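Next comes work_28.cif, with mmCIF, C-alpha atoms.
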data_structure
loop_
_atom_site.group_PDB
_atom_site.id
_atom_site.type_symbol
_atom_site.label_atom_id
_atom_site.label_comp_id
_atom_site.auth_asym_id
_atom_site.auth_seq_id
_atom_site.Cartn_x
_atom_site.Cartn_y
_atom_site.Cartn_z
ATOM 1 C CA MET A 991 127.623 112.116 80.913
ATOM 2 C CA HIS A 992 126.700 115.718 80.198
ATOM 3 C CA ARG A 993 123.344 114.605 78.871
ATOM 4 C CA TYR A 994 122.403 113.727 82.444
ATOM 5 C CA ALA A 995 123.488 117.109 83.776
ATOM 6 C CA ASN A 996 120.016 118.469 83.111
ATOM 7 C CA PRO A 997 117.956 117.972 86.308
ATOM 8 C CA ALA A 998 114.634 117.809 84.436
ATOM 9 C CA ARG A 999 115.987 115.118 82.137
ATOM 10 C CA THR A 1000 117.373 113.202 85.114
ATOM 11 C CA LEU A 1001 113.975 113.340 86.830
ATOM 12 C CA ARG A 1002 112.322 111.990 83.676
ATOM 13 C CA ILE A 1003 114.821 109.135 83.343
ATOM 14 C CA VAL A 1004 114.468 108.269 87.032
ATOM 15 C CA ALA A 1005 110.668 108.282 86.706
ATOM 16 C CA ALA A 1006 110.814 106.022 83.633
ATOM 17 C CA LEU A 1007 113.178 103.478 85.239
ATOM 18 C CA PHE A 1008 111.530 103.512 88.659
ATOM 19 C CA PRO A 1009 108.750 100.926 88.047
ATOM 20 C CA TRP A 1010 111.240 98.484 86.465
ATOM 21 C CA ILE A 1011 113.651 98.720 89.378
ATOM 22 C CA ALA A 1012 110.751 98.433 91.832
ATOM 23 C CA GLY A 1013 109.498 95.339 90.001
ATOM 24 C CA ALA A 1014 112.972 93.774 89.965
ATOM 25 C CA THR A 1015 113.317 94.392 93.716
ATOM 26 C CA ALA A 1016 109.890 92.861 94.398
ATOM 27 C CA LEU A 1017 110.766 89.744 92.360
ATOM 28 C CA LEU A 1018 114.358 89.238 93.465
ATOM 29 C CA PHE A 1019 113.875 89.527 97.233
ATOM 30 C CA PRO A 1020 111.330 86.712 97.752
ATOM 31 C CA LEU A 1021 113.333 84.445 95.431
ATOM 32 C CA GLY A 1022 116.635 85.344 97.056
ATOM 33 C CA LEU A 1023 115.290 84.935 100.590
ATOM 34 C CA TYR A 1024 113.791 81.562 99.736
ATOM 35 C CA LEU A 1025 117.059 80.343 98.243
ATOM 36 C CA ALA A 1026 119.095 81.768 101.119
ATOM 37 C CA LEU A 1027 116.984 80.474 104.004
ATOM 38 C CA ALA A 1028 115.527 77.230 102.660
ATOM 39 C CA GLY A 1029 116.619 76.370 99.126
ATOM 40 C CA SER A 1030 120.362 76.143 99.819
ATOM 41 C CA PRO A 1031 122.314 73.570 101.827
ATOM 42 C CA ALA A 1032 123.952 74.057 105.205
ATOM 43 C CA ASP A 1033 127.742 74.223 105.133
ATOM 44 C CA TYR A 1034 129.687 71.108 106.119
ATOM 45 C CA GLN A 1035 131.800 73.112 108.549
ATOM 46 C CA GLN A 1036 129.726 76.141 109.454
ATOM 47 C CA GLY A 1037 126.319 74.485 109.519
ATOM 48 C CA GLU A 1038 123.349 76.809 109.241
ATOM 49 C CA THR A 1039 125.366 79.941 110.065
ATOM 50 C CA VAL A 1040 126.456 79.988 106.427
ATOM 51 C CA ARG A 1041 123.039 81.522 105.706
ATOM 52 C CA ILE A 1042 124.321 84.755 107.255
ATOM 53 C CA MET A 1043 126.577 85.000 104.197
ATOM 54 C CA TYR A 1044 123.591 85.777 101.945
ATOM 55 C CA VAL A 1045 122.995 89.110 103.675
ATOM 56 C CA HIS A 1046 126.542 89.795 104.893
ATOM 57 C CA VAL A 1047 128.342 89.499 101.544
ATOM 58 C CA PRO A 1048 125.845 91.518 99.420
ATOM 59 C CA ALA A 1049 125.895 94.241 102.092
ATOM 60 C CA ALA A 1050 129.700 94.258 101.971
ATOM 61 C CA TRP A 1051 129.741 94.462 98.171
ATOM 62 C CA LEU A 1052 127.264 97.347 98.277
ATOM 63 C CA ALA A 1053 129.321 99.106 100.962
ATOM 64 C CA MET A 1054 132.250 99.259 98.515
ATOM 65 C CA PHE A 1055 130.115 99.823 95.415
ATOM 66 C CA ILE A 1056 128.133 102.731 96.890
ATOM 67 C CA TYR A 1057 131.301 104.438 98.083
ATOM 68 C CA SER A 1058 132.672 104.117 94.551
ATOM 69 C CA VAL A 1059 129.446 105.617 93.170
ATOM 70 C CA MET A 1060 129.929 108.533 95.577
ATOM 71 C CA ALA A 1061 133.575 109.010 94.571
ATOM 72 C CA VAL A 1062 132.805 108.979 90.821
ATOM 73 C CA SER A 1063 129.815 111.314 91.295
ATOM 74 C CA SER A 1064 131.925 113.679 93.395
ATOM 75 C CA ALA A 1065 134.685 113.706 90.772
ATOM 76 C CA LEU A 1066 132.122 114.567 88.066
ATOM 77 C CA ALA A 1067 130.698 117.293 90.304
ATOM 78 C CA LEU A 1068 134.092 118.827 91.112
ATOM 79 C CA VAL A 1069 135.715 118.614 87.689
ATOM 80 C CA TRP A 1070 132.804 119.303 85.346
ATOM 81 C CA ARG A 1071 130.511 121.189 87.753
ATOM 82 C CA HIS A 1072 127.940 118.550 86.909
ATOM 83 C CA PRO A 1073 124.885 119.755 88.887
ATOM 84 C CA VAL A 1074 123.163 116.395 89.328
ATOM 85 C CA ALA A 1075 126.352 114.503 90.218
ATOM 86 C CA GLU A 1076 126.809 116.147 93.610
ATOM 87 C CA LEU A 1077 123.214 115.375 94.523
ATOM 88 C CA SER A 1078 123.760 111.798 93.353
ATOM 89 C CA ALA A 1079 126.620 111.433 95.833
ATOM 90 C CA ARG A 1080 124.564 113.032 98.606
ATOM 91 C CA ALA A 1081 121.653 110.692 97.877
ATOM 92 C CA ALA A 1082 123.910 107.632 98.018
ATOM 93 C CA ALA A 1083 125.750 108.403 101.283
ATOM 94 C CA PRO A 1084 123.151 107.425 103.936
ATOM 95 C CA LEU A 1085 122.387 104.245 101.980
ATOM 96 C CA GLY A 1086 126.074 103.338 101.921
ATOM 97 C CA ALA A 1087 126.335 103.970 105.651
ATOM 98 C CA GLY A 1088 123.289 101.743 106.238
ATOM 99 C CA PHE A 1089 124.599 98.818 104.217
ATOM 100 C CA THR A 1090 128.041 99.126 105.816
ATOM 101 C CA ALA A 1091 126.341 98.966 109.215
ATOM 102 C CA VAL A 1092 124.485 95.822 108.085
ATOM 103 C CA CYS A 1093 127.800 94.327 106.951
ATOM 104 C CA LEU A 1094 129.460 95.042 110.321
ATOM 105 C CA ALA A 1095 126.500 93.832 112.408
ATOM 106 C CA THR A 1096 125.939 90.597 110.488
ATOM 107 C CA GLY A 1097 129.698 90.039 110.473
ATOM 108 C CA ALA A 1098 129.722 90.208 114.276
ATOM 109 C CA LEU A 1099 126.734 87.849 114.436
ATOM 110 C CA TRP A 1100 128.606 85.419 112.211
ATOM 111 C CA GLY A 1101 131.961 85.875 113.942
ATOM 112 C CA GLN A 1102 130.696 85.054 117.424
ATOM 113 C CA PRO A 1103 129.585 81.462 116.657
ATOM 114 C CA MET A 1104 132.284 80.679 114.054
ATOM 115 C CA TRP A 1105 135.377 82.520 115.289
ATOM 116 C CA GLY A 1106 134.417 82.730 118.947
ATOM 117 C CA THR A 1107 134.510 86.542 118.927
ATOM 118 C CA TRP A 1108 132.247 89.390 117.851
ATOM 119 C CA TRP A 1109 135.120 91.538 116.712
ATOM 120 C CA VAL A 1110 138.851 91.476 116.029
ATOM 121 C CA TRP A 1111 141.032 94.359 114.921
ATOM 122 C CA ASP A 1112 142.193 92.571 111.796
ATOM 123 C CA ALA A 1113 142.772 94.433 108.547
ATOM 124 C CA ARG A 1114 139.465 93.532 106.893
ATOM 125 C CA LEU A 1115 137.222 94.406 109.819
ATOM 126 C CA THR A 1116 139.144 97.557 110.676
ATOM 127 C CA SER A 1117 139.163 98.868 107.097
ATOM 128 C CA VAL A 1118 135.379 98.300 106.840
ATOM 129 C CA LEU A 1119 134.922 100.222 110.087
ATOM 130 C CA VAL A 1120 136.990 103.045 108.560
ATOM 131 C CA LEU A 1121 134.696 102.899 105.506
ATOM 132 C CA PHE A 1122 131.703 103.324 107.816
ATOM 133 C CA PHE A 1123 133.295 106.380 109.428
ATOM 134 C CA LEU A 1124 134.084 107.824 105.990
ATOM 135 C CA TYR A 1125 130.382 107.622 105.154
ATOM 136 C CA LEU A 1126 129.487 109.362 108.419
ATOM 137 C CA GLY A 1127 132.164 111.999 107.789
ATOM 138 C CA TYR A 1128 130.796 112.648 104.314
ATOM 139 C CA ILE A 1129 127.242 113.054 105.622
ATOM 140 C CA ALA A 1130 128.341 115.382 108.427
ATOM 141 C CA LEU A 1131 130.567 117.479 106.161
ATOM 142 C CA ALA A 1132 127.979 117.813 103.406
ATOM 143 C CA ASP A 1133 125.536 119.392 105.877
ATOM 144 C CA ALA A 1134 128.092 121.395 107.866
ATOM 145 C CA PHE A 1135 127.882 124.574 105.782
ATOM 146 C CA ASP A 1136 125.081 127.125 105.443
ATOM 147 C CA ASP A 1137 125.699 127.039 101.717
ATOM 148 C CA PRO A 1138 124.941 123.489 100.547
ATOM 149 C CA GLU A 1139 127.180 123.944 97.510
ATOM 150 C CA ARG A 1140 130.229 124.560 99.675
ATOM 151 C CA GLY A 1141 129.325 121.589 101.857
ATOM 152 C CA GLY A 1142 128.925 119.450 98.776
ATOM 153 C CA ARG A 1143 132.343 120.464 97.499
ATOM 154 C CA ALA A 1144 134.123 119.775 100.792
ATOM 155 C CA ALA A 1145 132.362 116.427 101.184
ATOM 156 C CA GLY A 1146 133.130 115.600 97.554
ATOM 157 C CA ILE A 1147 136.850 115.969 98.217
ATOM 158 C CA LEU A 1148 136.516 113.645 101.207
ATOM 159 C CA ALA A 1149 134.661 111.104 99.038
ATOM 160 C CA ILE A 1150 137.407 111.135 96.390
ATOM 161 C CA VAL A 1151 140.370 111.037 98.785
ATOM 162 C CA GLY A 1152 138.647 108.450 100.972
ATOM 163 C CA TRP A 1153 138.153 106.131 98.008
ATOM 164 C CA VAL A 1154 141.736 104.939 98.607
ATOM 165 C CA ASN A 1155 140.198 102.850 101.397
ATOM 166 C CA VAL A 1156 138.043 100.802 98.998
ATOM 167 C CA PRO A 1157 140.903 98.752 97.462
ATOM 168 C CA ILE A 1158 142.333 98.412 100.974
ATOM 169 C CA VAL A 1159 139.050 96.821 102.102
ATOM 170 C CA LYS A 1160 138.971 94.584 99.037
ATOM 171 C CA PHE A 1161 142.591 93.363 99.155
ATOM 172 C CA SER A 1162 143.151 93.495 102.915
ATOM 173 C CA VAL A 1163 142.577 89.739 103.083
ATOM 174 C CA ASP A 1164 145.429 89.167 100.592
ATOM 175 C CA TRP A 1165 147.856 91.787 101.869
ATOM 176 C CA TRP A 1166 147.701 90.922 105.555
ATOM 177 C CA ASN A 1167 147.051 87.885 107.685
ATOM 178 C CA THR A 1168 143.425 88.317 108.665
ATOM 179 C CA LEU A 1169 141.039 86.233 110.663
ATOM 180 C CA HIS A 1170 138.561 87.039 107.918
ATOM 181 C CA GLN A 1171 138.713 84.590 105.017
ATOM 182 C CA PRO A 1172 139.959 85.661 101.562
ATOM 183 C CA ALA A 1173 137.640 86.155 98.573
ATOM 184 C CA SER A 1174 135.847 83.066 97.327
ATOM 185 C CA VAL A 1175 133.660 84.520 94.555
ATOM 186 C CA THR A 1176 135.624 87.265 92.778
ATOM 187 C CA ARG A 1177 138.772 85.261 91.962
ATOM 188 C CA LEU A 1178 140.735 85.071 88.762
ATOM 189 C CA ASP A 1179 140.095 81.322 88.540
ATOM 190 C CA ALA A 1180 136.717 79.750 89.211
ATOM 191 C CA PRO A 1181 134.826 80.747 92.377
ATOM 192 C CA ALA A 1182 135.702 78.571 95.360
ATOM 193 C CA ILE A 1183 132.081 78.156 96.303
ATOM 194 C CA HIS A 1184 129.613 75.518 95.230
ATOM 195 C CA PRO A 1185 126.916 76.597 92.707
ATOM 196 C CA ASP A 1186 124.223 75.631 95.277
ATOM 197 C CA MET A 1187 125.510 78.486 97.420
ATOM 198 C CA LEU A 1188 126.774 80.746 94.643
ATOM 199 C CA TRP A 1189 123.349 81.144 93.008
ATOM 200 C CA PRO A 1190 121.490 82.253 96.128
ATOM 201 C CA LEU A 1191 124.349 84.689 96.763
ATOM 202 C CA ILE A 1192 124.098 86.125 93.237
ATOM 203 C CA VAL A 1193 120.307 86.516 93.498
ATOM 204 C CA MET A 1194 120.600 88.199 96.888
ATOM 205 C CA ALA A 1195 123.354 90.495 95.591
ATOM 206 C CA ALA A 1196 121.106 91.463 92.655
ATOM 207 C CA ALA A 1197 118.186 92.043 95.046
ATOM 208 C CA PHE A 1198 120.325 94.262 97.308
ATOM 209 C CA THR A 1199 121.607 96.218 94.301
ATOM 210 C CA ALA A 1200 118.063 96.723 92.968
ATOM 211 C CA LEU A 1201 116.931 97.887 96.404
ATOM 212 C CA PHE A 1202 119.832 100.322 96.670
ATOM 213 C CA THR A 1203 119.028 101.693 93.195
ATOM 214 C CA LEU A 1204 115.386 102.139 94.164
ATOM 215 C CA LEU A 1205 116.173 104.023 97.380
ATOM 216 C CA TRP A 1206 118.876 106.036 95.639
ATOM 217 C CA MET A 1207 116.339 107.147 92.999
ATOM 218 C CA ILE A 1208 113.875 108.245 95.689
ATOM 219 C CA ARG A 1209 116.572 110.211 97.515
ATOM 220 C CA LEU A 1210 117.921 111.732 94.298
ATOM 221 C CA ARG A 1211 114.423 112.911 93.390
ATOM 222 C CA ALA A 1212 114.063 114.433 96.867
ATOM 223 C CA GLU A 1213 117.475 116.151 96.557
ATOM 224 C CA LEU A 1214 116.541 117.627 93.171
ATOM 225 C CA ILE A 1215 113.231 118.955 94.522
ATOM 226 C CA GLU A 1216 114.965 120.364 97.613
ATOM 227 C CA ARG A 1217 117.474 122.190 95.471
ATOM 228 C CA ARG A 1218 114.733 123.695 93.348
ATOM 229 C CA ASN A 1219 112.929 124.687 96.569
ATOM 230 C CA ARG A 1220 116.039 126.567 97.719
ATOM 231 C CA VAL A 1221 116.160 128.480 94.448
ATOM 232 C CA VAL A 1222 112.464 129.378 94.740
ATOM 233 C CA GLU A 1223 112.907 130.380 98.399
ATOM 234 C CA ALA A 1224 115.786 132.668 97.464
ATOM 235 C CA SER A 1225 113.823 134.317 94.679
ATOM 236 C CA LEU A 1226 110.746 134.730 96.913
ATOM 237 C CA ALA A 1227 112.861 136.267 99.682
ATOM 238 C CA GLU A 1228 114.315 138.674 97.149
ATOM 239 C CA GLY A 1229 110.842 139.597 95.933
ATOM 240 C CA LEU A 1230 109.610 140.247 99.452
ATOM 241 C CA ALA A 1231 112.534 142.362 100.583
ATOM 242 C CA MET B 234 109.477 73.532 110.362
ATOM 243 C CA THR B 235 110.682 73.610 113.976
ATOM 244 C CA ASP B 236 114.029 72.312 112.740
ATOM 245 C CA TRP B 237 114.154 75.091 110.222
ATOM 246 C CA ILE B 238 113.441 77.768 112.823
ATOM 247 C CA ALA B 239 116.077 76.272 115.136
ATOM 248 C CA MET B 240 118.744 76.705 112.413
ATOM 249 C CA GLY B 241 120.853 73.917 113.885
ATOM 250 C CA GLY B 242 121.135 75.756 117.187
ATOM 251 C CA TYR B 243 122.240 79.012 115.605
ATOM 252 C CA ALA B 244 118.775 80.570 115.421
ATOM 253 C CA ALA B 245 119.742 83.734 117.314
ATOM 254 C CA TYR B 246 122.684 84.432 115.002
ATOM 255 C CA VAL B 247 120.979 83.572 111.702
ATOM 256 C CA TRP B 248 117.598 85.191 112.412
ATOM 257 C CA GLY B 249 119.343 88.034 114.207
ATOM 258 C CA SER B 250 121.325 88.793 111.048
ATOM 259 C CA TYR B 251 118.206 88.815 108.886
ATOM 260 C CA ALA B 252 116.333 90.931 111.445
ATOM 261 C CA VAL B 253 119.140 93.523 111.611
ATOM 262 C CA THR B 254 119.185 93.655 107.819
ATOM 263 C CA ALA B 255 115.394 94.001 107.561
ATOM 264 C CA LEU B 256 115.255 96.738 110.206
ATOM 265 C CA THR B 257 118.071 98.729 108.606
ATOM 266 C CA VAL B 258 116.553 98.438 105.136
ATOM 267 C CA ALA B 259 113.137 99.463 106.490
ATOM 268 C CA GLY B 260 114.737 102.444 108.209
ATOM 269 C CA LEU B 261 116.547 103.513 105.035
ATOM 270 C CA GLY B 262 113.300 103.186 103.065
ATOM 271 C CA LEU B 263 111.329 105.189 105.622
ATOM 272 C CA LEU B 264 113.959 107.967 105.695
ATOM 273 C CA ALA B 265 113.971 108.170 101.900
ATOM 274 C CA VAL B 266 110.182 108.348 101.605
ATOM 275 C CA VAL B 267 109.856 110.907 104.430
ATOM 276 C CA LYS B 268 112.556 113.049 102.802
ATOM 277 C CA LEU B 269 110.770 112.934 99.444
ATOM 278 C CA ARG B 270 107.342 113.684 100.945
ATOM 279 C CA ARG B 271 108.742 116.634 102.906
ATOM 280 C CA ALA B 272 110.445 118.049 99.812
ATOM 281 C CA GLU B 273 107.271 117.666 97.753
ATOM 282 C CA ARG B 274 105.128 119.310 100.446
ATOM 283 C CA ARG B 275 107.541 122.246 100.659
ATOM 284 C CA ALA B 276 107.515 122.532 96.850
ATOM 285 C CA ALA B 277 103.708 122.692 96.897
ATOM 286 C CA GLU B 278 103.810 125.380 99.605
ATOM 287 C CA LEU B 279 106.293 127.424 97.631
ATOM 288 C CA ASP B 280 104.227 126.955 94.500
ATOM 289 C CA ALA B 281 101.221 128.421 96.312
ATOM 290 C CA LEU B 282 103.330 131.409 97.399
ATOM 291 C CA ARG B 283 104.355 132.280 93.898
ATOM 292 C CA PRO B 284 102.639 135.414 92.651
ATOM 293 C CA ARG B 285 100.199 134.576 89.885
ATOM 294 C CA PRO B 286 98.560 136.984 87.501
ATOM 295 C CA ARG B 287 95.051 135.552 87.896
ATOM 296 C CA ARG B 288 95.159 135.433 91.657
ATOM 297 C CA ALA B 289 92.484 138.009 92.413
ATOM 298 C CA GLY B 290 89.065 136.321 92.441
ATOM 299 C CA ALA B 291 89.395 132.557 92.540
ATOM 300 C CA ARG B 292 90.373 131.959 96.135
ATOM 301 C CA LYS B 293 88.543 130.562 99.108
ATOM 302 C CA ALA B 294 88.489 132.395 102.405
ATOM 303 C CA GLY B 295 90.478 129.774 104.332
ATOM 304 C CA GLU B 296 93.427 129.984 101.959
ATOM 305 C CA ALA B 297 94.153 133.623 102.605
ATOM 306 C CA THR B 298 96.526 132.878 105.492
ATOM 307 C CA SER B 299 99.636 132.354 103.429
ATOM 308 C CA LEU B 300 102.365 134.804 102.512
ATOM 309 C CA ASP B 301 100.438 135.308 99.310
ATOM 310 C CA GLN B 302 98.713 138.232 100.972
ATOM 311 C CA ARG B 303 101.770 140.323 100.801
ATOM 312 C CA PRO B 304 103.152 142.531 101.966
ATOM 313 C CA PRO B 305 102.819 141.631 105.658
ATOM 314 C CA GLN B 306 106.364 142.530 106.704
ATOM 315 C CA PRO B 307 109.622 142.084 104.855
ATOM 316 C CA GLY B 308 111.638 138.993 105.694
ATOM 317 C CA ALA B 309 108.677 137.007 106.928
ATOM 318 C CA SER B 310 110.284 133.888 105.520
ATOM 319 C CA GLU B 311 112.557 131.673 107.601
ATOM 320 C CA GLN B 312 115.690 133.755 107.215
ATOM 321 C CA GLY B 313 115.633 137.340 108.293
ATOM 322 C CA ALA B 314 113.938 136.950 111.637
ATOM 323 C CA SER B 315 116.555 137.006 114.389
ATOM 324 C CA PRO B 316 116.204 137.079 118.165
#
How does this structure look as structure tokens?
Amino acid sequence: MHRYANPARTLRIVAALFPWIAGATALLFPLGLYLALAGSPADYQQGETVRIMYVHVPAAWLAMFIYSVMAVSSALALVWRHPVAELSARAAAPLGAGFTAVCLATGALWGQPMWGTWWVWDARLTSVLVLFFLYLGYIALADAFDDPERGGRAAGILAIVGWVNVPIVKFSVDWWNTLHQPASVTRLDAPAIHPDMLWPLIVMAAAFTALFTLLWMIRLRAELIERRNRVVEASLAEGLA
Amino acid sequence: MTDWIAMGGYAAYVWGSYAVTALTVAGLGLLAVVKLRRAERRAAELDALRPRPRRAGARKAGEATSLDQRPPQPGASEQGASP
């Protein structure tokens, strides 16, 4: 992990991987969208609304995954003073908030026709809403201090402590009676979903993950440049005074 | 084709979901690119401000507006100045 603590090395690695991730995103999205919207069957109970699953579920997976990325990055930043790790968490936060918002919005659009309601305060929906607020809290806290390092540290603690919500989101459907259905893909036995629907879901999940990685790399690069700018600004101000 | 667009009567919900997703993703992409461009522009500005040993001759007239022509007054950067 310490090998990536060098910002210049990180920038080089990001630059080397960037075209591959961009290419993967450009290939996976058209394929995934085709499979999701045309190449997969309608559900025998839910009809065509099942197609909402192919954006709703990948967004939900990313909502949990990105928060975990932030928590691990923040732990690295706090424990080992890893200089790139804090910026990695900062770069991920707005993306996590965005995908969580997509998850909530598409969930409402799926809930209205299938459950007869846009929203219920069941454990799954409520814990995802809490996840969304944790993202917003992280973003606000990280920028709330004049010294970005102090903001990063405070927000990092929130990211780590708030991670307790991720397993709650994941297992809420098993621990409580929820209107939301339990997991049908990540089960110990075989997935309870037909391969005709599982494959489009996997391709869309890969496409979403590639897209997140791409945007995260752009933001991380921007964060690294901004930090260097602050150092240069400080040294220039010193020289002028 | 018309059948496909109708989505079995659920067009608003299905297409609405994909539209919300597309708009959010486009917004996230735009924010990321704007952030990077702004950081790079600021880095270029700061680079131009850096004192260089061979600065004397090779400079066009229009470029002489920057803080490079120091010293104007101390604390001319963003901090310092207070109402």
Evaluating the PyMOL selection byres ((chain A) within 8 of (chain B)) on the displayed file yields which residues, as a PDB file with C-alpha atoms, in the coordinates of the input?
ATOM      1  CA  ALA A1028     115.527  77.230 102.660  1.00  0.00           C
ATOM      2  CA  GLY A1037     126.319  74.485 109.519  1.00  0.00           C
ATOM      3  CA  GLU A1038     123.349  76.809 109.241  1.00  0.00           C
ATOM      4  CA  THR A1039     125.366  79.941 110.065  1.00  0.00           C
ATOM      5  CA  ARG A1041     123.039  81.522 105.706  1.00  0.00           C
ATOM      6  CA  ILE A1042     124.321  84.755 107.255  1.00  0.00           C
ATOM      7  CA  VAL A1045     122.995  89.110 103.675  1.00  0.00           C
ATOM      8  CA  PRO A1084     123.151 107.425 103.936  1.00  0.00           C
ATOM      9  CA  LEU A1085     122.387 104.245 101.980  1.00  0.00           C
ATOM     10  CA  GLY A1088     123.289 101.743 106.238  1.00  0.00           C
ATOM     11  CA  PHE A1089     124.599  98.818 104.217  1.00  0.00           C
ATOM     12  CA  VAL A1092     124.485  95.822 108.085  1.00  0.00           C
ATOM     13  CA  ALA A1095     126.500  93.832 112.408  1.00  0.00           C
ATOM     14  CA  THR A1096     125.939  90.597 110.488  1.00  0.00           C
ATOM     15  CA  LEU A1099     126.734  87.849 114.436  1.00  0.00           C
ATOM     16  CA  TRP A1100     128.606  85.419 112.211  1.00  0.00           C
ATOM     17  CA  PRO A1103     129.585  81.462 116.657  1.00  0.00           C
ATOM     18  CA  LEU A1205     116.173 104.023  97.380  1.00  0.00           C
ATOM     19  CA  ILE A1208     113.875 108.245  95.689  1.00  0.00           C
ATOM     20  CA  ARG A1209     116.572 110.211  97.515  1.00  0.00           C
ATOM     21  CA  ARG A1211     114.423 112.911  93.390  1.00  0.00           C
ATOM     22  CA  ALA A1212     114.063 114.433  96.867  1.00  0.00           C
ATOM     23  CA  GLU A1213     117.475 116.151  96.557  1.00  0.00           C
ATOM     24  CA  ILE A1215     113.231 118.955  94.522  1.00  0.00           C
ATOM     25  CA  GLU A1216     114.965 120.364  97.613  1.00  0.00           C
ATOM     26  CA  ASN A1219     112.929 124.687  96.569  1.00  0.00           C
ATOM     27  CA  VAL A1222     112.464 129.378  94.740  1.00  0.00           C
ATOM     28  CA  GLU A1223     112.907 130.380  98.399  1.00  0.00           C
ATOM     29  CA  LEU A1226     110.746 134.730  96.913  1.00  0.00           C
ATOM     30  CA  ALA A1227     112.861 136.267  99.682  1.00  0.00           C
ATOM     31  CA  LEU A1230     109.610 140.247  99.452  1.00  0.00           C
ATOM     32  CA  ALA A1231     112.534 142.362 100.583  1.00  0.00           C
TER      33      ALA A1231
END
Take the PyMOL selection byres ((chain A and resi 1134-1141) around 12), apply it to the structure above, and return the hits as a PDB file with C-alpha atoms, keeping the file's coordinate frame.
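What ended up in part_30.pdb:
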ATOM      1  CA  SER A1064     131.925 113.679  93.395  1.00  0.00           C
ATOM      2  CA  ALA A1067     130.698 117.293  90.304  1.00  0.00           C
ATOM      3  CA  LEU A1068     134.092 118.827  91.112  1.00  0.00           C
ATOM      4  CA  ARG A1071     130.511 121.189  87.753  1.00  0.00           C
ATOM      5  CA  HIS A1072     127.940 118.550  86.909  1.00  0.00           C
ATOM      6  CA  PRO A1073     124.885 119.755  88.887  1.00  0.00           C
ATOM      7  CA  VAL A1074     123.163 116.395  89.328  1.00  0.00           C
ATOM      8  CA  ALA A1075     126.352 114.503  90.218  1.00  0.00           C
ATOM      9  CA  GLU A1076     126.809 116.147  93.610  1.00  0.00           C
ATOM     10  CA  LEU A1077     123.214 115.375  94.523  1.00  0.00           C
ATOM     11  CA  ARG A1080     124.564 113.032  98.606  1.00  0.00           C
ATOM     12  CA  GLY A1127     132.164 111.999 107.789  1.00  0.00           C
ATOM     13  CA  TYR A1128     130.796 112.648 104.314  1.00  0.00           C
ATOM     14  CA  ILE A1129     127.242 113.054 105.622  1.00  0.00           C
ATOM     15  CA  ALA A1130     128.341 115.382 108.427  1.00  0.00           C
ATOM     16  CA  LEU A1131     130.567 117.479 106.161  1.00  0.00           C
ATOM     17  CA  ALA A1132     127.979 117.813 103.406  1.00  0.00           C
ATOM     18  CA  ASP A1133     125.536 119.392 105.877  1.00  0.00           C
ATOM     19  CA  GLY A1142     128.925 119.450  98.776  1.00  0.00           C
ATOM     20  CA  ARG A1143     132.343 120.464  97.499  1.00  0.00           C
ATOM     21  CA  ALA A1144     134.123 119.775 100.792  1.00  0.00           C
ATOM     22  CA  ALA A1145     132.362 116.427 101.184  1.00  0.00           C
ATOM     23  CA  GLY A1146     133.130 115.600  97.554  1.00  0.00           C
ATOM     24  CA  ILE A1147     136.850 115.969  98.217  1.00  0.00           C
ATOM     25  CA  LEU A1148     136.516 113.645 101.207  1.00  0.00           C
ATOM     26  CA  GLU A1213     117.475 116.151  96.557  1.00  0.00           C
ATOM     27  CA  GLU A1216     114.965 120.364  97.613  1.00  0.00           C
ATOM     28  CA  ARG A1217     117.474 122.190  95.471  1.00  0.00           C
ATOM     29  CA  ARG A1220     116.039 126.567  97.719  1.00  0.00           C
ATOM     30  CA  VAL A1221     116.160 128.480  94.448  1.00  0.00           C
TER      31      VAL A1221
ATOM     32  CA  GLN B 312     115.690 133.755 107.215  1.00  0.00           C
TER      33      GLN B 312
END
request  = Please provide the set of residues having any atom within 10 Å of Val1110 of chain A, restricted to only C-alpha atoms, with same-chain residues fewer than 6 positions apart removed, written as a list of chain:residue names.
outcome  =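 The residues that qualify are A:Ala1098, A:Gly1101, A:Thr1116, A:Thr1168, A:Leu1169, A:His1170.
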key: Shell around Lys1160 of chain A at 9 Å using only C-alpha atoms, local window under 4 positions removed, as a PyMOL selection string   = chain A and resi 1054+1114+1155-1156+1164+1173
Need the neighbours of (113.2, 110.8, 85.8): which residues are at most 12 Å away, counting only C-alpha atoms, as a compact mmCIF listing (two decimals) with C-alpha atoms, in the coordinates of the input?
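Once written, part07.txt looks like this:
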# COMPACT_ATOMS: atom_id res chain seq x y z
CA TYR A 994 122.40 113.73 82.44
CA ASN A 996 120.02 118.47 83.11
CA PRO A 997 117.96 117.97 86.31
CA ALA A 998 114.63 117.81 84.44
CA ARG A 999 115.99 115.12 82.14
CA THR A 1000 117.37 113.20 85.11
CA LEU A 1001 113.98 113.34 86.83
CA ARG A 1002 112.32 111.99 83.68
CA ILE A 1003 114.82 109.14 83.34
CA VAL A 1004 114.47 108.27 87.03
CA ALA A 1005 110.67 108.28 86.71
CA ALA A 1006 110.81 106.02 83.63
CA LEU A 1007 113.18 103.48 85.24
CA PHE A 1008 111.53 103.51 88.66
CA PRO A 1009 108.75 100.93 88.05
CA VAL A 1074 123.16 116.40 89.33
CA MET A 1207 116.34 107.15 93.00
CA ILE A 1208 113.88 108.24 95.69
CA LEU A 1210 117.92 111.73 94.30
CA ARG A 1211 114.42 112.91 93.39
CA ALA A 1212 114.06 114.43 96.87
CA LEU A 1214 116.54 117.63 93.17
CA ILE A 1215 113.23 118.96 94.52
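Atom to atom, atom CA of Gly1022 of chain A and atom CA of Leu1191 of chain A stand 7.7 Å apart.
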ask   = Expressed in Å to a single decimal, how great is the separation between atom CA of Leu1124 of chain A and atom CA of Met1060 of chain A?
value = 11.2 Å
